[in-house]
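Participant: Got upload_34.pdb for you, PDB, C-alpha atoms:
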MODEL        1
ATOM      1  CA  MET E 977     111.259 116.733  84.990  1.00  0.00           C
ATOM      2  CA  ALA E 978     109.851 116.406  88.496  1.00  0.00           C
ATOM      3  CA  THR E 979     107.171 119.005  87.776  1.00  0.00           C
ATOM      4  CA  THR E 980     105.969 117.070  84.731  1.00  0.00           C
ATOM      5  CA  VAL E 981     105.882 113.869  86.764  1.00  0.00           C
ATOM      6  CA  ILE E 982     103.853 115.547  89.499  1.00  0.00           C
ATOM      7  CA  MET E 983     101.448 116.951  86.906  1.00  0.00           C
ATOM      8  CA  ASP E 984     100.997 113.451  85.447  1.00  0.00           C
ATOM      9  CA  ALA E 985     100.312 112.055  88.918  1.00  0.00           C
ATOM     10  CA  LEU E 986      97.819 114.853  89.630  1.00  0.00           C
ATOM     11  CA  GLU E 987      96.015 114.073  86.382  1.00  0.00           C
ATOM     12  CA  CYS E 988      95.742 110.385  87.314  1.00  0.00           C
ATOM     13  CA  LEU E 989      94.492 111.284  90.796  1.00  0.00           C
ATOM     14  CA  ASP E 990      91.851 113.558  89.281  1.00  0.00           C
ATOM     15  CA  GLU E 991      90.727 110.704  87.023  1.00  0.00           C
ATOM     16  CA  LEU E 992      90.509 108.427  90.063  1.00  0.00           C
ATOM     17  CA  LYS E 993      88.381 110.992  91.905  1.00  0.00           C
ATOM     18  CA  ALA E 994      86.103 111.512  88.897  1.00  0.00           C
ATOM     19  CA  ASP E 995      85.425 107.779  88.484  1.00  0.00           C
ATOM     20  CA  ALA E 996      81.822 107.041  89.481  1.00  0.00           C
ATOM     21  CA  ASP E 997      82.814 103.682  90.992  1.00  0.00           C
ATOM     22  CA  THR E 998      85.380 105.208  93.351  1.00  0.00           C
ATOM     23  CA  SER E 999      84.379 105.020  97.002  1.00  0.00           C
ATOM     24  CA  LYS E1000      83.982 108.157  99.094  1.00  0.00           C
ATOM     25  CA  ARG E1001      86.949 107.134 101.246  1.00  0.00           C
ATOM     26  CA  LEU E1002      89.194 106.681  98.221  1.00  0.00           C
ATOM     27  CA  LYS E1003      88.111 110.059  96.831  1.00  0.00           C
ATOM     28  CA  GLU E1004      88.961 111.717 100.156  1.00  0.00           C
ATOM     29  CA  ARG E1005      92.402 110.087 100.180  1.00  0.00           C
ATOM     30  CA  ALA E1006      93.004 111.139  96.587  1.00  0.00           C
ATOM     31  CA  GLU E1007      92.069 114.718  97.470  1.00  0.00           C
ATOM     32  CA  SER E1008      94.481 114.626 100.408  1.00  0.00           C
ATOM     33  CA  ILE E1009      97.301 113.411  98.148  1.00  0.00           C
ATOM     34  CA  ILE E1010      96.490 116.102  95.584  1.00  0.00           C
ATOM     35  CA  SER E1011      96.818 118.724  98.332  1.00  0.00           C
ATOM     36  CA  ILE E1012     100.179 117.285  99.365  1.00  0.00           C
ATOM     37  CA  LEU E1013     101.493 117.316  95.786  1.00  0.00           C
ATOM     38  CA  LYS E1014     100.281 120.860  95.147  1.00  0.00           C
ATOM     39  CA  GLY E1015     102.108 122.071  98.256  1.00  0.00           C
ATOM     40  CA  ASN E1016     105.625 123.398  97.843  1.00  0.00           C
ATOM     41  CA  GLU E1017     107.082 121.191 100.519  1.00  0.00           C
ATOM     42  CA  ALA E1018     110.488 119.640  99.925  1.00  0.00           C
ATOM     43  CA  MET E1019     109.250 116.134 100.690  1.00  0.00           C
ATOM     44  CA  CYS E1020     105.860 116.271  98.932  1.00  0.00           C
ATOM     45  CA  VAL E1021     106.574 113.296  96.653  1.00  0.00           C
ATOM     46  CA  GLU E1022     107.695 111.114  99.565  1.00  0.00           C
ATOM     47  CA  LYS E1023     104.649 112.103 101.625  1.00  0.00           C
ATOM     48  CA  ALA E1024     102.350 111.375  98.704  1.00  0.00           C
ATOM     49  CA  LEU E1025     103.989 107.982  98.157  1.00  0.00           C
ATOM     50  CA  LEU E1026     103.492 107.116 101.810  1.00  0.00           C
ATOM     51  CA  GLN E1027      99.783 108.026 101.569  1.00  0.00           C
ATOM     52  CA  LEU E1028      99.405 106.013  98.365  1.00  0.00           C
ATOM     53  CA  GLU E1029     101.029 102.950  99.903  1.00  0.00           C
ATOM     54  CA  GLU E1030      98.641 103.207 102.858  1.00  0.00           C
ATOM     55  CA  MET E1031      95.729 103.561 100.435  1.00  0.00           C
ATOM     56  CA  ASN E1032      96.893 100.491  98.551  1.00  0.00           C
ATOM     57  CA  SER E1033      96.573  98.404 101.725  1.00  0.00           C
ATOM     58  CA  VAL E1034      92.814  99.040 102.042  1.00  0.00           C
ATOM     59  CA  ASP E1035      90.213  96.950 100.278  1.00  0.00           C
ATOM     60  CA  LEU E1036      90.221  98.177  96.663  1.00  0.00           C
ATOM     61  CA  SER E1037      88.883  96.753  93.455  1.00  0.00           C
ATOM     62  CA  SER E1038      91.537  95.421  91.098  1.00  0.00           C
ATOM     63  CA  TYR E1039      90.969  98.383  88.765  1.00  0.00           C
ATOM     64  CA  HIS E1040      91.484 100.962  91.508  1.00  0.00           C
ATOM     65  CA  ARG E1041      94.475  99.077  92.916  1.00  0.00           C
ATOM     66  CA  THR E1042      96.066  99.150  89.448  1.00  0.00           C
ATOM     67  CA  LYS E1043      95.419 102.901  89.172  1.00  0.00           C
ATOM     68  CA  VAL E1044      97.086 103.438  92.576  1.00  0.00           C
ATOM     69  CA  TRP E1045     100.079 101.362  91.459  1.00  0.00           C
ATOM     70  CA  ASP E1046     100.311 103.444  88.290  1.00  0.00           C
ATOM     71  CA  ILE E1047     100.371 106.658  90.313  1.00  0.00           C
ATOM     72  CA  ILE E1048     103.023 105.217  92.637  1.00  0.00           C
ATOM     73  CA  SER E1049     105.149 104.297  89.613  1.00  0.00           C
ATOM     74  CA  ILE E1050     104.804 107.792  88.191  1.00  0.00           C
ATOM     75  CA  LEU E1051     105.850 109.406  91.459  1.00  0.00           C
ATOM     76  CA  GLU E1052     108.746 107.025  92.034  1.00  0.00           C
ATOM     77  CA  SER E1053     110.215 108.153  88.724  1.00  0.00           C
ATOM     78  CA  ALA E1054     110.502 111.667  90.227  1.00  0.00           C
ATOM     79  CA  LYS E1055     112.854 110.490  92.968  1.00  0.00           C
TER      80      LYS E1055
ENDMDL
END
Render the structure in this file as structure tokens.
Facilitator:
Amino acid sequence: MATTVIMDALECLDELKADADTSKRLKERAESIISILKGNEAMCVEKALLQLEEMNSVDLSSYHRTKVWDIISILESAK
């Protein structure tokens, strides 16, 4: 179950990175979160959630903020 959830989150993060309107800073953060989720650390979901919540506090368009919320919701279901 958790693996499927992480794969879904990774897919959404890849979509966010591929979006032409995504800022360079947001793409870098997304890449960092992808690296965290691909790691085999015991707390990877919690670390990724922390990064996403920090990302959500920066100035984002409403579309990108919604995408970040969606990814947070996906990852919270893995807890």
Participant: Excluding Asp984 in chain E and its own-chain neighbours fewer than 6 positions away, which residues fall within 10 Å of it when counting only C-alpha atoms? Please give them as a PyMOL selection string.
Facilitator: chain E and resi 978+990+1047+1050-1051
Participant: Only C-alpha atoms, please: the residues just picked out, written as a compact mmCIF listing (two decimals), keeping the file's coordinate frame.
Facilitator:
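The resulting file, part15.txt, is shown below:
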# COMPACT_ATOMS: atom_id res chain seq x y z
CA ALA E 978 109.85 116.41 88.50
CA ASP E 990 91.85 113.56 89.28
CA ILE E 1047 100.37 106.66 90.31
CA ILE E 1050 104.80 107.79 88.19
CA LEU E 1051 105.85 109.41 91.46
Participant: How many Å separate CA of Asp995 in chain E from CA of Asn1016 in chain E?
Facilitator: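 A separation of 27.2 Å between them.
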Participant: Can you tell me, as a list of chain:residue names, what residues are no more than 8 Å from range 1024-1040 of chain E when counting only C-alpha atoms, ignoring any on the same chain fewer than 4 positions away?
Facilitator: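 After dropping sequence-adjacent residues, the list is E:Leu992, E:Thr998, E:Leu1002, E:Arg1005, E:Ile1009, E:Ile1012, E:Leu1013, E:Cys1020, E:Val1044, E:Trp1045, E:Ile1048, E:Leu1051, E:Glu1052.
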Participant: Ranking E:Glu991, E:Glu1022, E:Glu1004, E:Arg1041 by minimum distance to Lys1055 in chain E and counting only C-alpha atoms, which one comes first?
Facilitator: E:Glu1022
Participant: For Thr980 in chain E, which residue out of E:Ala1054, E:Ser1049, E:Ala996, E:Thr1042 is the nearest one, using all atoms listed in the file?
Facilitator: E:Ala1054
Participant: May I have the centre and edge lengths, in Å to one decimal, of an axis-aligned box around the listed atoms of range 994-997 of chain E with 3 Å added to every side, as AutoDock Vina command-line options?
Facilitator:
--center_x 84.0 --center_y 107.6 --center_z 89.7 --size_x 10.3 --size_y 13.8 --size_z 8.5
Participant: Looking at E:Ala1018, E:Asp997, E:Lys1003, E:Ile1010, which one is nearest to Ala985 in chain E, with distances taken over all atoms listed in the file?
Facilitator: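 Checking each of E:Ala1018, E:Asp997, E:Lys1003, E:Ile1010 against Ala985 in chain E, counting all atoms listed in the file, the winner is E:Ile1010.
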Participant: Which residue out of E:Ala1006, E:Val1021, E:Lys1014, E:Leu986 has the minimum interatomic distance to Ser1053 in chain E when only C-alpha atoms are used?
Facilitator: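 Going through E:Ala1006, E:Val1021, E:Lys1014, E:Leu986 one by one, the smallest distance to Ser1053 in chain E is for E:Val1021.
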Participant: Could you add the missing atoms to range 980-1016 of chain E, up to N, CA and C atoms, and return them as an mmCIF file, keeping the file's coordinate frame?
Facilitator:
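Writing the result to rebuild_14.cif gives the following:
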data_model
loop_
_atom_site.group_PDB
_atom_site.id
_atom_site.type_symbol
_atom_site.label_atom_id
_atom_site.label_comp_id
_atom_site.auth_asym_id
_atom_site.auth_seq_id
_atom_site.Cartn_x
_atom_site.Cartn_y
_atom_site.Cartn_z
ATOM 1 N N THR E 980 106.773 117.807 85.704
ATOM 2 C CA THR E 980 105.969 117.070 84.731
ATOM 3 C C THR E 980 105.442 115.779 85.344
ATOM 4 N N VAL E 981 106.282 115.115 86.112
ATOM 5 C CA VAL E 981 105.882 113.869 86.764
ATOM 6 C C VAL E 981 104.757 114.137 87.760
ATOM 7 N N ILE E 982 104.892 115.204 88.527
ATOM 8 C CA ILE E 982 103.853 115.547 89.499
ATOM 9 C C ILE E 982 102.552 115.901 88.779
ATOM 10 N N MET E 983 102.651 116.613 87.677
ATOM 11 C CA MET E 983 101.448 116.951 86.906
ATOM 12 C C MET E 983 100.765 115.689 86.372
ATOM 13 N N ASP E 984 101.558 114.724 85.916
ATOM 14 C CA ASP E 984 100.997 113.451 85.447
ATOM 15 C C ASP E 984 100.282 112.718 86.586
ATOM 16 N N ALA E 985 100.911 112.712 87.761
ATOM 17 C CA ALA E 985 100.312 112.055 88.918
ATOM 18 C C ALA E 985 99.016 112.761 89.324
ATOM 19 N N LEU E 986 99.019 114.094 89.288
ATOM 20 C CA LEU E 986 97.819 114.853 89.630
ATOM 21 C C LEU E 986 96.681 114.548 88.658
ATOM 22 N N GLU E 987 97.020 114.407 87.394
ATOM 23 C CA GLU E 987 96.015 114.073 86.382
ATOM 24 C C GLU E 987 95.402 112.702 86.667
ATOM 25 N N CYS E 988 96.239 111.730 87.002
ATOM 26 C CA CYS E 988 95.742 110.385 87.314
ATOM 27 C C CYS E 988 94.878 110.394 88.577
ATOM 28 N N LEU E 989 95.286 111.181 89.572
ATOM 29 C CA LEU E 989 94.492 111.284 90.796
ATOM 30 C C LEU E 989 93.139 111.933 90.526
ATOM 31 N N ASP E 990 93.118 112.929 89.657
ATOM 32 C CA ASP E 990 91.851 113.558 89.281
ATOM 33 C C ASP E 990 90.934 112.560 88.570
ATOM 34 N N GLU E 991 91.510 111.732 87.711
ATOM 35 C CA GLU E 991 90.727 110.704 87.023
ATOM 36 C C GLU E 991 90.148 109.715 88.030
ATOM 37 N N LEU E 992 90.952 109.354 89.031
ATOM 38 C CA LEU E 992 90.509 108.427 90.063
ATOM 39 C C LEU E 992 89.344 109.029 90.855
ATOM 40 N N LYS E 993 89.454 110.318 91.177
ATOM 41 C CA LYS E 993 88.381 110.992 91.905
ATOM 42 C C LYS E 993 87.111 111.106 91.076
ATOM 43 N N ALA E 994 87.252 111.309 89.776
ATOM 44 C CA ALA E 994 86.103 111.512 88.897
ATOM 45 C C ALA E 994 85.377 110.207 88.567
ATOM 46 N N ASP E 995 86.025 109.078 88.794
ATOM 47 C CA ASP E 995 85.425 107.779 88.484
ATOM 48 C C ASP E 995 84.185 107.562 89.363
ATOM 49 N N ALA E 996 83.079 107.233 88.751
ATOM 50 C CA ALA E 996 81.822 107.041 89.481
ATOM 51 C C ALA E 996 81.875 105.850 90.439
ATOM 52 N N ASP E 997 82.715 104.873 90.153
ATOM 53 C CA ASP E 997 82.814 103.682 90.992
ATOM 54 C C ASP E 997 83.763 103.846 92.168
ATOM 55 N N THR E 998 84.434 104.977 92.264
ATOM 56 C CA THR E 998 85.380 105.208 93.351
ATOM 57 C C THR E 998 84.617 105.483 94.634
ATOM 58 N N SER E 999 85.039 104.823 95.717
ATOM 59 C CA SER E 999 84.379 105.020 97.002
ATOM 60 C C SER E 999 84.668 106.412 97.559
ATOM 61 N N LYS E 1000 83.820 106.841 98.480
ATOM 62 C CA LYS E 1000 83.982 108.157 99.094
ATOM 63 C C LYS E 1000 85.328 108.238 99.827
ATOM 64 N N ARG E 1001 85.684 107.175 100.502
ATOM 65 C CA ARG E 1001 86.949 107.134 101.246
ATOM 66 C C ARG E 1001 88.149 107.279 100.317
ATOM 67 N N LEU E 1002 88.107 106.602 99.196
ATOM 68 C CA LEU E 1002 89.194 106.681 98.221
ATOM 69 C C LEU E 1002 89.267 108.083 97.611
ATOM 70 N N LYS E 1003 88.129 108.690 97.358
ATOM 71 C CA LYS E 1003 88.111 110.059 96.831
ATOM 72 C C LYS E 1003 88.714 111.039 97.834
ATOM 73 N N GLU E 1004 88.399 110.845 99.121
ATOM 74 C CA GLU E 1004 88.961 111.717 100.156
ATOM 75 C C GLU E 1004 90.474 111.563 100.244
ATOM 76 N N ARG E 1005 90.949 110.326 100.156
ATOM 77 C CA ARG E 1005 92.402 110.087 100.180
ATOM 78 C C ARG E 1005 93.068 110.703 98.961
ATOM 79 N N ALA E 1006 92.445 110.557 97.811
ATOM 80 C CA ALA E 1006 93.004 111.139 96.587
ATOM 81 C C ALA E 1006 93.089 112.655 96.709
ATOM 82 N N GLU E 1007 92.069 113.264 97.275
ATOM 83 C CA GLU E 1007 92.069 114.718 97.470
ATOM 84 C C GLU E 1007 93.190 115.135 98.419
ATOM 85 N N SER E 1008 93.397 114.352 99.456
ATOM 86 C CA SER E 1008 94.481 114.626 100.408
ATOM 87 C C SER E 1008 95.842 114.552 99.714
ATOM 88 N N ILE E 1009 96.027 113.568 98.870
ATOM 89 C CA ILE E 1009 97.301 113.411 98.148
ATOM 90 C C ILE E 1009 97.484 114.550 97.147
ATOM 91 N N ILE E 1010 96.409 114.962 96.506
ATOM 92 C CA ILE E 1010 96.490 116.102 95.584
ATOM 93 C C ILE E 1010 96.953 117.343 96.331
ATOM 94 N N SER E 1011 96.411 117.567 97.517
ATOM 95 C CA SER E 1011 96.818 118.724 98.332
ATOM 96 C C SER E 1011 98.292 118.655 98.688
ATOM 97 N N ILE E 1012 98.760 117.468 99.025
ATOM 98 C CA ILE E 1012 100.179 117.285 99.365
ATOM 99 C C ILE E 1012 101.049 117.618 98.162
ATOM 100 N N LEU E 1013 100.685 117.101 96.986
ATOM 101 C CA LEU E 1013 101.493 117.316 95.786
ATOM 102 C C LEU E 1013 101.463 118.760 95.303
ATOM 103 N N LYS E 1014 100.368 119.457 95.561
ATOM 104 C CA LYS E 1014 100.281 120.860 95.147
ATOM 105 C C LYS E 1014 101.031 121.775 96.102
ATOM 106 N N GLY E 1015 101.343 121.282 97.294
ATOM 107 C CA GLY E 1015 102.108 122.071 98.256
ATOM 108 C C GLY E 1015 103.552 122.183 97.801
ATOM 109 N N ASN E 1016 104.231 123.183 98.237
ATOM 110 C CA ASN E 1016 105.625 123.398 97.843
ATOM 111 C C ASN E 1016 106.594 122.845 98.872
#
